[in-house]
Structures are given as C-alpha cells and as structure tokens.
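Working notes, structure below.
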Amino acid sequence: MNQKAFIFDLDGVIVDTAKYHFLAWQKIAHRLGIDFTHEHNEQLKGVSRIRSLDIILGLGNVQVTQEDKDKWLSEKNEDYLEYIHHMQSDEILEGVVPVLQYLKDNNQKIALGSASKNARPILEKVDIIHYFDAIVDGNDVTNAKPDPEVFIRAAQLLGMPSEGAIVFEDSVAGVQAANIANMVSIGIGSSTVLHEAQYNFNDFTEIDTEFLATLVTT
C-alpha cells in the first residue's frame, strides 16, 4: 500500500470547539453592545483571532485602541481555555476515531493542520494526540488560510510532497488552502458551502474504508 500524508483540521473536523469560540466571542461582543449571532459566527470559521475581533468590531462599527484590542483578545482566549479545560473524549465528532485508526493500522502518516493555538492541549484532553505524527497549529505559522502554509508545513514534517497529501477541512478557506497547495481536498460539511472541495461528506460516518483505500492507492 502506498503511503500518503493525511492532514486534519481541528475545529469542526475532529472536535466541535466552534461552540466554545462562539460563546467566548459572544461574551466580548455583548460587553461592547454588539449583537453577535450564530450566523455572524460563520464569518469567523478558519479566521485568525485578531481578524475575528476586527470582524466583530466591524459588525458594531466600533472603533477601539490597540490596547483595548489586546485586552479583549486575551480575555477571549482565557474564556475559551476555561471551556476547553473541561473537554473529554466524548466530544470527538462521530466517525473520526475509526478513520484515524484505519490510517494508523495501514501505516499512513497523519498530521494536524489547524489555525488553533490550543490544538495540542485539545488533542490531549480528548485523548487522541497519539494518532498524530506531526502537529502544525497557530503557534507555528504566520499566514492564515487560504494561504496553504499550515498544510505545506505539515506535509514537510511528515516528509511527504504536497501532491501526496490529503486534507480534511470544514471551512471554505481551508478547502481553498488545500487546493492551492495541490493537495486532495475533502470537505466535511455542507457540499453547498464547500463546493470547491474535490470530495465532500457531511461527516466522518459517511467515510468508509473503501474510500480511504482508494485515496491511498491513487
């Protein structure tokens, strides 16, 4: 069997930490008198923390100093860390572990490629960090998706060319990053939203071993 590099995003792919980001951002928004809804939160998918705050401030047309921004970014992260501190393995999205286990059993290389700066503690909390041969997160890169830096670095750490990499993503920016890097892009979520992905599944329960074997052999 060939060896490929399988690269997973974190939020919305392996675990649903998006709900904790939403609650932490909503707390900041309410303090500023800004109505921040789940629909608004969609704009923050795959976006850096700094850019996310700018989007929220834009919703309320609020002008603030850099000092205030730094304070709110810190507060948001503290709230988020408090939420994820209590995460357990039952928060892994359904179907993810069987896919990771199949890849590991078949000697495939596995990496995480995420914008999250808290990827390592999250993987440890939900007890699946041992599946990953490499982790590239927000602490390791300077460019946000759709720039492909995070995925290219992950492939490099696995010792694989970009053309031999397969990316699982739930955001438009992430799918675009994989495509730019000439990697196979697999959208996890709505095919209407992730129409640029080469393959699309609503979730990992729809991904069978036959499909995974095809990815490895082609």
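Ligands are numbered from 1 in the order shown, residues from 1 within each chain, and chains are lettered A, B, ... in the order they appear in the structure tokens.
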Would you list the contacts of Ser114 of chain A as a ChimeraX atom specification, taking every protein, DNA or RNA residue within 8 Å and counting only C-alpha atoms, but skipping same-chain residues closer than 6 positions in sequence?
/A:8-11,136-138,150
Distance query Asp133 of chain A at most 9 Å, only C-alpha atoms, self and fewer than 6 positions along chain excluded, as a tab-separated table (two decimals) with N, CA and C atoms, in the first residue's frame:
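Generated file (around-v2.tsv):
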```tsv
chain	number	residue	atom	x	y	z
A	109	LYS	N	0.68	8.31	7.19
A	109	LYS	CA	1.17	9.40	8.02
A	109	LYS	C	0.04	10.38	8.30
A	110	ILE	N	-0.04	10.83	9.55
A	110	ILE	CA	-1.15	11.67	9.99
A	110	ILE	C	-0.63	12.95	10.64
A	111	ALA	N	-1.19	14.08	10.23
A	111	ALA	CA	-0.81	15.36	10.82
A	111	ALA	C	-2.05	16.20	11.11
A	112	LEU	N	-1.87	17.15	12.00
A	112	LEU	CA	-2.90	18.16	12.25
A	112	LEU	C	-2.43	19.45	11.61
A	157	LEU	N	6.79	18.16	7.47
A	157	LEU	CA	7.14	17.46	8.71
A	157	LEU	C	6.93	15.96	8.58
A	158	LEU	N	5.98	15.57	7.74
A	158	LEU	CA	5.73	14.15	7.51
A	158	LEU	C	6.67	13.58	6.45
```
Using only C-alpha atoms, which of the listed residues (A:Ile186, A:Leu32, A:Val97, A:Ile129) sits closest to Ala165 of chain A?
A:Ile186
So that I can see what lies close to Ser89 of chain A, please list as a count of residues only the residues with an atom at most 8 Å from it, counting only C-alpha atoms and leaving out residues fewer than 3 positions away in the same chain.
4
Identify, with DSSP run on backbone atoms, the residues in segment 117-182 of chain A assigned to strand (DSSP E or B), and express the list as a PyMOL selection string.
chain A and resi 134-136+165-169
Using only C-alpha atoms, which residue out of A:Ile188, A:Ala18, A:Ala197, A:Met160 lies closest to Gln176 of chain A?
A:Ala197
Residues at most 12 Å from segment 69-84 of chain A, counting only C-alpha atoms, excluding those fewer than 2 positions away in the same chain, as a PyMOL selection string?
chain A and resi 11+15-29+31-32+48-54+56-57+62-67+86-89+91+116-126
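One distance worth recording is that between atom CA of Glu94 of chain A and atom CA of Gly189 of chain A, which is 13.0 Å.
In this comparison, which uses only C-alpha atoms, the residue of A:Phe132, A:Val141, A:Asn202, A:Glu196 approaching Gln108 of chain A most closely is A:Phe132.
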Could you give me the residues within segment 11-195 of chain A that DSSP places in alpha helix (DSSP H), as JSON, numbers by chain?
{"A": [18, 19, 20, 21, 22, 23, 24, 25, 26, 27, 28, 29, 30, 31, 38, 39, 40, 41, 49, 50, 51, 52, 53, 54, 55, 56, 57, 58, 59, 66, 67, 68, 69, 70, 71, 72, 73, 74, 75, 76, 77, 78, 79, 80, 81, 82, 83, 84, 96, 97, 98, 99, 100, 101, 102, 103, 104, 105, 119, 120, 121, 122, 123, 124, 125, 149, 150, 151, 152, 153, 154, 155, 156, 157, 172, 173, 174, 175, 176, 177, 178, 179, 180]}
Could you check how far atom CA of Ala213 of chain A sits from atom CA of Phe6 of chain A, in Å to one decimal?
12.3 Å
